[in-house]
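Student: Enclosed is the structure file run-v2.txt (compact mmCIF, C-alpha atoms).
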```txt
# COMPACT_ATOMS: atom_id res chain seq x y z
CA MET A 740 73.28 -88.20 20.14
CA LEU A 741 74.77 -86.94 23.41
CA ASN A 742 75.38 -83.55 21.82
CA LEU A 743 71.71 -83.35 20.80
CA ALA A 744 70.56 -84.36 24.28
CA LEU A 745 72.74 -81.64 25.84
CA ALA A 746 71.53 -79.07 23.32
CA MET A 747 67.89 -79.86 24.04
CA LEU A 748 68.55 -79.86 27.79
CA PHE A 749 70.05 -76.38 27.50
CA PHE A 750 67.33 -75.04 25.19
CA VAL A 751 64.47 -76.38 27.27
CA GLY A 752 66.26 -75.55 30.52
CA ILE A 753 66.62 -71.83 29.85
CA HIS A 754 62.88 -71.65 29.17
CA PHE A 755 61.80 -73.74 32.15
CA LEU A 756 64.23 -72.15 34.63
CA ILE A 757 64.16 -68.53 33.44
CA SER A 758 61.23 -67.59 31.20
CA GLY A 759 57.97 -67.33 33.10
CA THR A 760 59.53 -67.94 36.52
CA SER A 761 60.14 -65.70 39.51
CA LEU A 762 63.80 -65.53 38.41
CA ARG A 763 62.63 -63.75 35.28
CA ASP A 764 60.72 -61.26 37.42
CA ARG A 765 63.86 -60.53 39.45
CA LEU A 766 65.99 -60.11 36.31
CA VAL A 767 63.42 -57.75 34.80
CA ALA A 768 63.34 -55.72 38.02
CA TYR A 769 67.16 -55.54 37.98
CA ARG A 770 67.83 -54.77 34.29
CA GLY A 771 64.48 -53.82 32.78
CA GLU A 772 62.02 -55.59 30.48
CA GLN A 773 63.67 -54.62 27.18
CA ALA A 774 67.16 -55.60 28.29
CA PHE A 775 65.90 -58.95 29.55
CA ARG A 776 64.04 -59.69 26.32
CA ALA A 777 67.06 -58.78 24.20
CA ALA A 778 69.43 -60.95 26.24
CA PHE A 779 67.03 -63.88 26.39
CA SER A 780 66.39 -63.69 22.63
CA VAL A 781 70.13 -63.86 21.91
CA LEU A 782 70.55 -66.76 24.31
CA SER A 783 67.59 -68.59 22.73
CA LEU A 784 68.94 -68.10 19.19
CA LEU A 785 72.34 -69.45 20.23
CA ALA A 786 70.66 -72.43 21.86
CA LEU A 787 68.50 -73.02 18.78
CA GLY A 788 71.57 -72.93 16.55
CA TRP A 789 73.18 -75.58 18.73
CA VAL A 790 70.02 -77.71 18.52
CA VAL A 791 69.87 -77.54 14.71
CA PHE A 792 73.56 -78.39 14.36
CA ALA A 793 73.32 -81.29 16.82
CA TYR A 794 70.19 -82.71 15.16
CA ARG A 795 71.80 -82.66 11.72
CA GLN A 796 74.79 -84.55 13.10
CA ALA A 797 72.80 -87.10 15.11
CA PRO A 798 72.73 -90.69 13.83
CA TYR A 799 69.49 -92.43 12.88
CA VAL A 800 68.62 -94.83 15.69
CA GLU A 801 65.23 -96.39 15.06
CA THR A 802 62.54 -96.62 17.72
CA TRP A 803 59.30 -97.69 15.99
CA GLY A 804 60.49 -96.62 12.53
CA GLN A 805 58.92 -94.34 9.94
CA LEU A 806 55.17 -94.90 9.76
CA THR A 807 54.22 -94.62 6.10
CA GLY A 808 50.56 -95.32 6.86
CA PHE A 809 50.47 -92.31 9.20
CA LYS A 810 51.36 -89.82 6.44
CA PRO A 811 47.77 -89.10 5.27
CA ILE A 812 46.76 -88.36 8.87
CA ALA A 813 49.90 -86.30 9.37
CA ALA A 814 49.10 -84.26 6.25
CA VAL A 815 45.70 -83.28 7.66
CA LEU A 816 47.10 -82.50 11.11
CA MET A 817 49.84 -80.35 9.61
CA LEU A 818 47.25 -78.23 7.78
CA VAL A 819 45.54 -77.60 11.12
CA SER A 820 48.95 -76.78 12.60
CA PHE A 821 49.65 -74.21 9.88
CA ILE A 822 46.27 -72.55 10.43
CA PHE A 823 46.85 -72.27 14.17
CA VAL A 824 50.40 -70.96 13.74
CA VAL A 825 49.53 -68.35 11.10
CA ALA A 826 46.38 -67.18 12.90
CA GLY A 827 48.27 -67.14 16.19
CA LEU A 828 51.12 -65.03 14.84
CA THR A 829 48.84 -62.51 13.11
CA THR A 830 46.20 -62.03 15.81
CA ALA A 831 46.73 -59.54 18.63
CA ASN A 832 47.07 -61.68 21.73
CA PRO A 833 47.92 -60.81 25.35
CA THR A 834 49.79 -64.13 25.70
CA ALA A 835 52.30 -63.01 23.05
CA VAL A 836 55.43 -60.97 23.69
CA SER A 837 54.52 -57.26 23.83
CA GLY A 838 50.85 -58.11 23.37
CA GLU A 839 49.78 -57.26 26.89
CA SER A 840 48.00 -54.05 25.84
CA VAL A 841 45.23 -56.19 24.33
CA LEU A 842 44.06 -56.81 27.90
CA ASN A 843 42.74 -53.25 27.88
CA ASP A 844 40.22 -54.16 25.16
CA ALA A 845 36.74 -54.92 26.40
CA ASP A 846 36.34 -57.79 23.91
CA ALA A 847 39.86 -59.18 23.40
CA ALA A 848 38.81 -62.83 23.06
CA THR A 849 37.88 -62.88 19.38
CA GLY A 850 38.95 -64.72 16.25
CA ILE A 851 41.25 -67.67 16.83
CA LEU A 852 41.38 -66.68 20.54
CA ARG A 853 37.82 -67.93 20.88
CA ILE A 854 39.22 -71.41 20.22
CA THR A 855 42.33 -71.13 22.39
CA ARG A 856 44.33 -68.30 23.92
CA HIS A 857 47.54 -70.09 22.82
CA PRO A 858 46.98 -70.77 19.09
CA PHE A 859 50.63 -70.48 18.08
CA LEU A 860 51.86 -72.85 20.78
CA TRP A 861 49.10 -75.38 20.02
CA GLY A 862 50.02 -75.24 16.34
CA LEU A 863 53.67 -75.80 17.21
CA SER A 864 52.69 -78.61 19.60
CA LEU A 865 50.75 -80.36 16.86
CA TRP A 866 53.70 -79.96 14.47
CA ALA A 867 56.06 -81.48 17.05
CA LEU A 868 53.68 -84.35 17.87
CA VAL A 869 53.28 -85.26 14.19
CA HIS A 870 57.05 -85.40 13.74
CA VAL A 871 57.56 -87.50 16.87
CA ILE A 872 55.09 -90.08 15.57
CA ALA A 873 56.09 -90.00 11.91
CA ASN A 874 59.90 -90.07 12.24
CA GLY A 875 60.20 -92.96 14.66
CA ASP A 876 63.81 -92.45 15.73
CA VAL A 877 65.67 -91.39 18.87
CA ALA A 878 66.90 -88.04 17.54
CA ALA A 879 63.37 -86.98 16.54
CA LEU A 880 62.05 -88.11 19.90
CA LEU A 881 64.65 -85.95 21.66
CA LEU A 882 64.12 -82.90 19.47
CA PHE A 883 60.38 -82.87 18.79
CA GLY A 884 59.43 -84.53 22.05
CA SER A 885 61.30 -81.87 24.00
CA LEU A 886 59.72 -79.09 21.94
CA LEU A 887 56.28 -80.60 22.55
CA ALA A 888 56.89 -80.69 26.30
CA LEU A 889 58.21 -77.12 26.22
CA CYS A 890 55.15 -75.84 24.35
CA LEU A 891 52.67 -77.55 26.65
CA ALA A 892 54.46 -76.38 29.79
CA GLY A 893 55.00 -72.94 28.28
CA MET A 894 51.27 -72.31 28.04
CA ARG A 895 50.85 -72.81 31.78
CA SER A 896 53.92 -70.71 32.48
CA ILE A 897 52.67 -67.81 30.35
CA ASP A 898 49.28 -67.93 32.03
CA ALA A 899 50.87 -67.86 35.47
CA LYS A 900 53.16 -64.96 34.53
CA ARG A 901 50.29 -62.91 33.09
CA ARG A 902 48.16 -63.64 36.17
CA ARG A 903 50.93 -62.42 38.49
CA THR A 904 51.51 -59.27 36.48
CA TYR A 905 48.07 -58.18 35.31
CA GLY A 906 45.68 -59.54 37.93
CA ASP A 907 42.03 -58.74 37.23
CA ARG A 908 42.65 -57.70 33.61
CA TRP A 909 44.11 -61.11 32.90
CA GLU A 910 41.37 -62.91 34.80
CA ARG A 911 38.73 -61.20 32.66
CA PHE A 912 40.46 -62.38 29.48
CA ALA A 913 41.09 -65.89 30.87
CA ALA A 914 37.44 -66.23 31.84
CA ALA A 915 36.40 -65.80 28.20
CA THR A 916 39.09 -68.08 26.76
CA SER A 917 40.65 -71.46 27.37
CA ASN A 918 44.06 -73.05 27.07
CA VAL A 919 42.65 -76.33 25.74
CA PRO A 920 41.21 -75.70 22.25
CA PHE A 921 37.41 -75.32 22.12
CA MET A 922 37.01 -75.76 25.88
CA ALA A 923 35.69 -72.22 26.49
CA ILE A 924 33.21 -72.72 23.65
CA LYS A 925 32.13 -76.09 25.02
CA GLU A 926 31.61 -74.57 28.48
CA GLY A 927 29.58 -71.67 27.10
CA ARG A 928 32.15 -69.01 27.98
CA ASN A 929 32.65 -68.09 24.33
CA ARG A 930 31.26 -68.97 20.92
CA LEU A 931 32.71 -70.14 17.61
CA GLU A 932 32.99 -67.41 14.97
CA LEU A 933 35.04 -68.86 12.11
CA GLY A 934 34.59 -65.72 10.01
CA GLU A 935 36.55 -63.70 12.58
CA ILE A 936 39.68 -65.76 11.96
CA GLY A 937 39.88 -64.16 8.52
CA TRP A 938 39.99 -65.61 5.03
CA GLN A 939 43.31 -63.91 4.40
CA ARG A 940 44.90 -65.74 7.32
CA LEU A 941 43.44 -69.03 6.12
CA GLY A 942 44.73 -68.34 2.61
CA ILE A 943 48.23 -67.63 3.87
CA ALA A 944 48.18 -70.80 5.98
CA VAL A 945 47.06 -72.95 3.04
CA ALA A 946 49.67 -71.36 0.74
CA LEU A 947 52.47 -72.03 3.24
CA TYR A 948 51.16 -75.56 3.77
CA LEU A 949 51.21 -76.29 0.02
CA ALA A 950 54.74 -74.85 -0.19
CA MET A 951 55.77 -77.19 2.62
CA LEU A 952 54.33 -80.18 0.75
CA HIS A 953 56.23 -79.16 -2.39
CA PHE A 954 59.62 -78.39 -0.86
CA HIS A 955 59.75 -80.79 2.11
CA ALA A 956 61.35 -83.66 0.19
CA LYS A 957 63.86 -81.35 -1.49
CA ILE A 958 64.96 -79.75 1.75
CA PHE A 959 64.67 -82.62 4.23
CA GLY A 960 64.91 -85.64 1.94
CA VAL A 961 61.57 -87.11 3.04
CA SER A 962 58.21 -86.72 1.31
CA PRO A 963 55.35 -85.83 3.66
CA LEU A 964 52.87 -87.61 1.37
CA PHE A 965 54.53 -90.75 -0.01
```
Please render this file's structure as structure tokens.
Tutor:
Amino acid sequence: MLNLALAMLFFVGIHFLISGTSLRDRLVAYRGEQAFRAAFSVLSLLALGWVVFAYRQAPYVETWGQLTGFKPIAAVLMLVSFIFVVAGLTTANPTAVSGESVLNDADAATGILRITRHPFLWGLSLWALVHVIANGDVAALLLFGSLLALCLAGMRSIDAKRRRTYGDRWERFAAATSNVPFMAIKEGRNRLELGEIGWQRLGIAVALYLAMLHFHAKIFGVSPLF
């Protein structure tokens, strides 16, 4: 369990202390954007490998235990998570790595970005939250709880970094979007256009979701439905 705690501390720490901070800006100024991204990607992959290894070795120490009655709710939430993740990864977005050029578009806030400017991170947050609740053990709380905190803090960090770098172009995009899902729509700064998300994206999300339901027990030893 200590190994997992150290792995998560390192993984979360490099994101909190480097990515999105002024230290990142200084490193980029010193070595260049591409060199920084390459080095940080390697460091993140190494950290992620450590996390996976430590989690697989961690003992099961129960907190509130596995909540069987939560599984139907979890199944619905996971479908939403898949939709947000797939739509987020396949939609041009200035909050994504190398997606800053979208800020030049007059109407960048379309599709899933009408709902939130961080669809991928909200999908990942929902995935992490579901696993924290459903697993009910210390190792899951360390792993998924840390990932949830990283995602939520990461959204604010990305916004701050884009604001520092792109100024008015970012402010124009931020004014038409929201971090919190549906908030910009609720406040009248945008409108809901489900058709813009794309049936192909929804189809891919549903297909991946059904594959997860089928293979989850075989891979992880736990059925997400029963």
Student: Between CA of Leu949 in chain A and CA of Val824 in chain A, what is the distance in Å, rounded to a tenth?
Tutor: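 Separation of CA of Leu949 in chain A and CA of Val824 in chain A: 14.7 Å.
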Student: Name the closest residue to Leu865 in chain A among the candidates A:Leu756, A:Leu741, A:Ile822, A:Ala923; distances are taken between atoms, counting all atoms listed in the file.
Tutor: A:Ile822
Student: Using Å and a single decimal, report how far CA of Trp789 in chain A sits from CA of Leu828 in chain A.
Tutor: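 Going from CA of Leu828 in chain A over to CA of Trp789 in chain A, I get 24.8 Å.
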Student: Env of Phe883 in chain A: 8 Å cut, atoms = all atoms listed in the file, seq-sep filter 6 positions within chain, self excluded. Answer as a list in words.
Tutor: Ala867, Leu868, His870 and Val871 of chain A
Student: Name the closest residue to Phe750 in chain A among the candidates A:Tyr769, A:Phe779, A:Phe823, A:Trp866; distances are taken between atoms, counting all atoms listed in the file.
Tutor: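 Looking at the shortest contact to Phe750 in chain A, the residue is A:Phe779.
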Student: Using only C-alpha atoms, can you tell me which of A:Ser761, A:Ile753, A:Thr802, A:Ala793 comes closest to Arg903 in chain A?
Tutor: A:Ser761
Student: Work out how far CA of Leu952 in chain A is from CA of Leu818 in chain A, in Å to one decimal.
Tutor: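 Between CA of Leu818 in chain A and CA of Leu952 in chain A the gap is 10.2 Å.
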Student: Which residue gives the smallest distance to Met747 in chain A among A:Ser837, A:Phe821, A:Gln939, A:Phe792, with all atoms listed in the file counted?
Tutor: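 Looking only at the distances to Met747 in chain A, the closest residue turns out to be A:Phe792.
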Student: Given only C-alpha atoms as the basis, pick out the residue of A:Ser758, A:Gln773, A:Thr849, A:Asn742 nearest to Pro833 in chain A.
Tutor: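 Closest candidate: A:Thr849.
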Student: Using all atoms listed in the file, which of A:Leu766, A:Ala797, A:Ser962, A:Thr834 sits nearest Lys900 in chain A?
Tutor: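 Once distances to Lys900 in chain A are computed over all atoms listed in the file, the minimum belongs to A:Thr834.
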Student: Which residues, written as an mmCIF file with C-alpha atoms, in the coordinates of the input, have at least one atom at most 12 Å from Glu926 in chain A, with all atoms listed in the file counted and residues fewer than 4 positions away on the same chain left out?
Tutor:
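selection-v9.cif, written as the output of this step:
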```cif
data_model
loop_
_atom_site.group_PDB
_atom_site.id
_atom_site.type_symbol
_atom_site.label_atom_id
_atom_site.label_comp_id
_atom_site.auth_asym_id
_atom_site.auth_seq_id
_atom_site.Cartn_x
_atom_site.Cartn_y
_atom_site.Cartn_z
ATOM 1 C CA ARG A 853 37.820 -67.930 20.880
ATOM 2 C CA ILE A 854 39.220 -71.410 20.220
ATOM 3 C CA ALA A 914 37.440 -66.230 31.840
ATOM 4 C CA ALA A 915 36.400 -65.800 28.200
ATOM 5 C CA THR A 916 39.090 -68.080 26.760
ATOM 6 C CA SER A 917 40.650 -71.460 27.370
ATOM 7 C CA VAL A 919 42.650 -76.330 25.740
ATOM 8 C CA PRO A 920 41.210 -75.700 22.250
ATOM 9 C CA PHE A 921 37.410 -75.320 22.120
ATOM 10 C CA MET A 922 37.010 -75.760 25.880
ATOM 11 C CA ARG A 930 31.260 -68.970 20.920
ATOM 12 C CA LEU A 931 32.710 -70.140 17.610
#
```
Student: Please determine an axis-aligned box that encloses all atoms of range 762-775 of chain A listed in the file, with 5 Å added on each side, and express its centre and edge lengths in Å to one decimal as AutoDock Vina command-line options.
Tutor:
```
--center_x 64.3 --center_y -59.7 --center_z 33.3 --size_x 17.1 --size_y 21.7 --size_z 22.3
```
